[in-house]
Amino acid sequence: MKIIISNDSGLPIYEQIKNQIKAQIVVGELKADEDLPGMRTLASDLKVSVITTKRAYNDLEQEGYIYSMPGKGSFVKKLNEEVVRENALSEIEKYFTDAMTVAKAAGIDIEELQEILKTLDEVGEV
């Protein structure tokens with residue numbers, strides 16, 4: 001499992017860890033029932049607090065991406081595709097809300113935003 005922490009990200013470290021593990025699960029790099037590194041091991045590898053890794057794992061468990069077995073560790077949960085889709089749509093809505101706020105402040109209309117999306121799709125930026 002590869003996780004890269006950025007101090008310039010603006011996101012809390014636990015959220016960076018959570019997002020990267022979640023992404024690896026969604027794309028299939030981490031498979032159902034695969035064991036994750038222990039919280040202490042991951043904290044040591046990333047040179048962060050155990051509290052940080054615990055928060056990331058707790059959030060992942062609450063969101064349905066992993067499950068824990070006392071004394072055995074944490075494991076990747078078999079994903080319900082509908083849950084993954086709903087989580088993705090929720091995240092997309094947040095980004096679109098931010099984009100709309102910036103666009104309205106700059107006088108950019110919905111048609112221009114749609115054109116930007118089409119262009120990004122055509123050039124492979126997405």
# chains A, B, ... in the order shown; residues from 1 in each chain; ligands from 1

$ residues_around --residues "Met100 in chain A" --least-positions-apart "6" --cutoff "12 Å" --atoms "only C-alpha atoms" --output "PDB file with N, CA and C atoms, in the first residue's frame"
ATOM      1  N   GLU A  93     -20.575  16.519  -6.112  1.00  0.00           N
ATOM      2  CA  GLU A  93     -21.436  17.660  -5.794  1.00  0.00           C
ATOM      3  C   GLU A  93     -20.668  18.738  -5.034  1.00  0.00           C
ATOM      4  N   LYS A  94     -19.783  18.320  -4.120  1.00  0.00           N
ATOM      5  CA  LYS A  94     -18.977  19.299  -3.380  1.00  0.00           C
ATOM      6  C   LYS A  94     -18.090  20.094  -4.333  1.00  0.00           C
ATOM      7  N   ALA A 106     -17.121  35.156 -10.942  1.00  0.00           N
ATOM      8  CA  ALA A 106     -16.387  35.640 -12.105  1.00  0.00           C
ATOM      9  C   ALA A 106     -17.298  35.911 -13.308  1.00  0.00           C
ATOM     10  N   GLY A 107     -18.607  35.711 -13.126  1.00  0.00           N
ATOM     11  CA  GLY A 107     -19.540  35.969 -14.221  1.00  0.00           C
ATOM     12  C   GLY A 107     -19.528  34.897 -15.294  1.00  0.00           C
ATOM     13  N   ILE A 108     -19.136  33.688 -14.931  1.00  0.00           N
ATOM     14  CA  ILE A 108     -19.102  32.576 -15.884  1.00  0.00           C
ATOM     15  C   ILE A 108     -20.417  31.808 -15.765  1.00  0.00           C
ATOM     16  N   ASP A 109     -21.073  31.587 -16.904  1.00  0.00           N
ATOM     17  CA  ASP A 109     -22.377  30.921 -16.858  1.00  0.00           C
ATOM     18  C   ASP A 109     -22.238  29.398 -16.984  1.00  0.00           C
ATOM     19  N   ILE A 110     -23.372  28.710 -16.819  1.00  0.00           N
ATOM     20  CA  ILE A 110     -23.398  27.250 -16.813  1.00  0.00           C
ATOM     21  C   ILE A 110     -22.937  26.664 -18.151  1.00  0.00           C
ATOM     22  N   GLU A 111     -23.261  27.341 -19.243  1.00  0.00           N
ATOM     23  CA  GLU A 111     -22.851  26.846 -20.557  1.00  0.00           C
ATOM     24  C   GLU A 111     -21.322  26.828 -20.683  1.00  0.00           C
ATOM     25  N   GLU A 112     -20.675  27.862 -20.160  1.00  0.00           N
ATOM     26  CA  GLU A 112     -19.209  27.904 -20.197  1.00  0.00           C
ATOM     27  C   GLU A 112     -18.611  26.796 -19.341  1.00  0.00           C
ATOM     28  N   LEU A 113     -19.225  26.534 -18.184  1.00  0.00           N
ATOM     29  CA  LEU A 113     -18.741  25.442 -17.326  1.00  0.00           C
ATOM     30  C   LEU A 113     -18.895  24.095 -18.032  1.00  0.00           C
ATOM     31  N   GLN A 114     -20.021  23.903 -18.707  1.00  0.00           N
ATOM     32  CA  GLN A 114     -20.222  22.657 -19.448  1.00  0.00           C
ATOM     33  C   GLN A 114     -19.180  22.509 -20.549  1.00  0.00           C
TER      34      GLN A 114
END

$ residues_around --residues "Leu42 in chain A" --least-positions-apart "3" --cutoff "10 Å" --atoms "only C-alpha atoms" --output "ChimeraX atom specification"
/A:1,3,17,36-39,45-50,52-54

$ write_last_selection --atoms "N, CA, C and O atoms" --output "mmCIF file, in the first residue's frame"
data_model
loop_
_atom_site.group_PDB
_atom_site.id
_atom_site.type_symbol
_atom_site.label_atom_id
_atom_site.label_comp_id
_atom_site.auth_asym_id
_atom_site.auth_seq_id
_atom_site.Cartn_x
_atom_site.Cartn_y
_atom_site.Cartn_z
ATOM 1 N N MET A 1 0.851 -1.175 0.000
ATOM 2 C CA MET A 1 0.000 0.000 0.000
ATOM 3 C C MET A 1 0.896 1.237 0.000
ATOM 4 O O MET A 1 1.779 1.368 0.831
ATOM 5 N N ILE A 3 1.183 5.301 0.253
ATOM 6 C CA ILE A 3 0.531 6.531 0.702
ATOM 7 C C ILE A 3 1.585 7.632 0.735
ATOM 8 O O ILE A 3 2.666 7.445 1.285
ATOM 9 N N ILE A 17 -4.601 10.273 4.244
ATOM 10 C CA ILE A 17 -4.452 8.827 4.375
ATOM 11 C C ILE A 17 -5.761 8.141 3.980
ATOM 12 O O ILE A 17 -5.772 7.208 3.170
ATOM 13 N N LEU A 36 -4.919 -4.674 6.022
ATOM 14 C CA LEU A 36 -4.239 -3.382 5.977
ATOM 15 C C LEU A 36 -3.139 -3.380 7.029
ATOM 16 O O LEU A 36 -3.213 -4.125 8.014
ATOM 17 N N PRO A 37 -2.132 -2.537 6.850
ATOM 18 C CA PRO A 37 -1.102 -2.439 7.891
ATOM 19 C C PRO A 37 -1.738 -2.029 9.211
ATOM 20 O O PRO A 37 -2.720 -1.289 9.224
ATOM 21 N N GLY A 38 -1.176 -2.491 10.304
ATOM 22 C CA GLY A 38 -1.654 -2.067 11.611
ATOM 23 C C GLY A 38 -1.507 -0.561 11.763
ATOM 24 O O GLY A 38 -0.664 0.064 11.112
ATOM 25 N N MET A 39 -2.310 0.013 12.629
ATOM 26 C CA MET A 39 -2.277 1.460 12.823
ATOM 27 C C MET A 39 -0.896 1.939 13.267
ATOM 28 O O MET A 39 -0.411 2.962 12.789
ATOM 29 N N ASP A 45 5.575 4.030 9.575
ATOM 30 C CA ASP A 45 6.031 4.145 8.189
ATOM 31 C C ASP A 45 5.862 5.561 7.647
ATOM 32 O O ASP A 45 6.706 6.063 6.907
ATOM 33 N N LEU A 46 4.741 6.197 8.018
ATOM 34 C CA LEU A 46 4.452 7.537 7.517
ATOM 35 C C LEU A 46 5.014 8.643 8.403
ATOM 36 O O LEU A 46 4.920 9.818 8.062
ATOM 37 N N LYS A 47 5.565 8.234 9.549
ATOM 38 C CA LYS A 47 6.110 9.177 10.524
ATOM 39 C C LYS A 47 5.034 10.174 10.998
ATOM 40 O O LYS A 47 5.240 11.388 10.995
ATOM 41 N N VAL A 48 3.881 9.599 11.365
ATOM 42 C CA VAL A 48 2.779 10.386 11.910
ATOM 43 C C VAL A 48 2.329 9.745 13.209
ATOM 44 O O VAL A 48 2.753 8.647 13.561
ATOM 45 N N SER A 49 1.436 10.395 13.893
ATOM 46 C CA SER A 49 0.899 9.892 15.150
ATOM 47 C C SER A 49 -0.036 8.709 14.911
ATOM 48 O O SER A 49 -0.744 8.658 13.902
ATOM 49 N N VAL A 50 -0.063 7.790 15.867
ATOM 50 C CA VAL A 50 -1.012 6.677 15.812
ATOM 51 C C VAL A 50 -2.441 7.211 15.847
ATOM 52 O O VAL A 50 -3.348 6.649 15.216
ATOM 53 N N THR A 52 -3.502 9.761 14.350
ATOM 54 C CA THR A 52 -3.810 10.143 12.973
ATOM 55 C C THR A 52 -4.261 8.935 12.161
ATOM 56 O O THR A 52 -5.275 8.996 11.458
ATOM 57 N N THR A 53 -3.518 7.836 12.255
ATOM 58 C CA THR A 53 -3.898 6.646 11.492
ATOM 59 C C THR A 53 -5.189 6.038 12.042
ATOM 60 O O THR A 53 -6.020 5.554 11.280
ATOM 61 N N LYS A 54 -5.372 6.123 13.358
ATOM 62 C CA LYS A 54 -6.602 5.617 13.963
ATOM 63 C C LYS A 54 -7.806 6.392 13.426
ATOM 64 O O LYS A 54 -8.829 5.799 13.091
#

$ select_by_dssp --residues "chain A" --states "alpha helix (DSSP H)" --output "PyMOL selection string"
chain A and resi 13-26+39-46+50-62+81-106+110-122

$ closest_residue --among "A:Arg85, A:Lys104, A:Lys2, A:Arg55" --to "Glu29 in chain A" --atoms "only C-alpha atoms"
A:Lys2

$ residues_around --residues "Ala32 in chain A" --least-positions-apart "3" --cutoff "6 Å" --atoms "only C-alpha atoms" --output "NGL selection string"
:A and (76-78)

$ write_last_selection --atoms "N, CA, C and O atoms" --output "PDB file, in the first residue's frame"
ATOM      1  N   VAL A  76      -9.968  -4.850   4.122  1.00  0.00           N
ATOM      2  CA  VAL A  76     -10.769  -4.200   3.084  1.00  0.00           C
ATOM      3  C   VAL A  76     -12.122  -4.904   3.010  1.00  0.00           C
ATOM      4  O   VAL A  76     -12.196  -6.127   2.952  1.00  0.00           O
ATOM      5  N   LYS A  77     -13.171  -4.099   3.018  1.00  0.00           N
ATOM      6  CA  LYS A  77     -14.527  -4.626   2.957  1.00  0.00           C
ATOM      7  C   LYS A  77     -14.947  -4.784   1.494  1.00  0.00           C
ATOM      8  O   LYS A  77     -14.570  -3.970   0.646  1.00  0.00           O
ATOM      9  N   LYS A  78     -15.715  -5.816   1.203  1.00  0.00           N
ATOM     10  CA  LYS A  78     -16.271  -5.974  -0.144  1.00  0.00           C
ATOM     11  C   LYS A  78     -17.221  -4.809  -0.372  1.00  0.00           C
ATOM     12  O   LYS A  78     -18.124  -4.568   0.418  1.00  0.00           O
TER      13      LYS A  78
END

$ atom_distance --atom1 "CA of Thr97 in chain A" --atom2 "CA of Ser9 in chain A"
20.0 Å

$ closest_residue --among "A:Val83, A:Ala99, A:Ala88, A:Leu120" --to "Ala23 in chain A" --atoms "only C-alpha atoms"
A:Ala88

$ select_by_dssp --residues "range 11-123 of chain A" --states "strand (DSSP E or B)" --output "PDB file with C-alpha atoms, in the first residue's frame"
ATOM      1  CA  ASP A  35      -5.389  -6.934   5.435  1.00  0.00           C
ATOM      2  CA  ILE A  66     -12.927  -1.390   5.788  1.00  0.00           C
ATOM      3  CA  TYR A  67     -13.833  -3.565   8.755  1.00  0.00           C
ATOM      4  CA  SER A  68     -11.894  -4.371  11.898  1.00  0.00           C
ATOM      5  CA  MET A  69     -11.563  -7.565  13.873  1.00  0.00           C
ATOM      6  CA  GLY A  73      -6.515  -5.972  12.465  1.00  0.00           C
ATOM      7  CA  SER A  74      -8.305  -4.064   9.735  1.00  0.00           C
ATOM      8  CA  PHE A  75      -9.354  -5.453   6.376  1.00  0.00           C
ATOM      9  CA  VAL A  76     -10.769  -4.200   3.084  1.00  0.00           C
TER      10      VAL A  76
END

$ atom_distance --atom1 "CA of Lys31 in chain A" --atom2 "CA of Pro12 in chain A"
25.7 Å

$ atom_distance --atom1 "CA of Lys22 in chain A" --atom2 "CA of Tyr65 in chain A"
6.8 Å
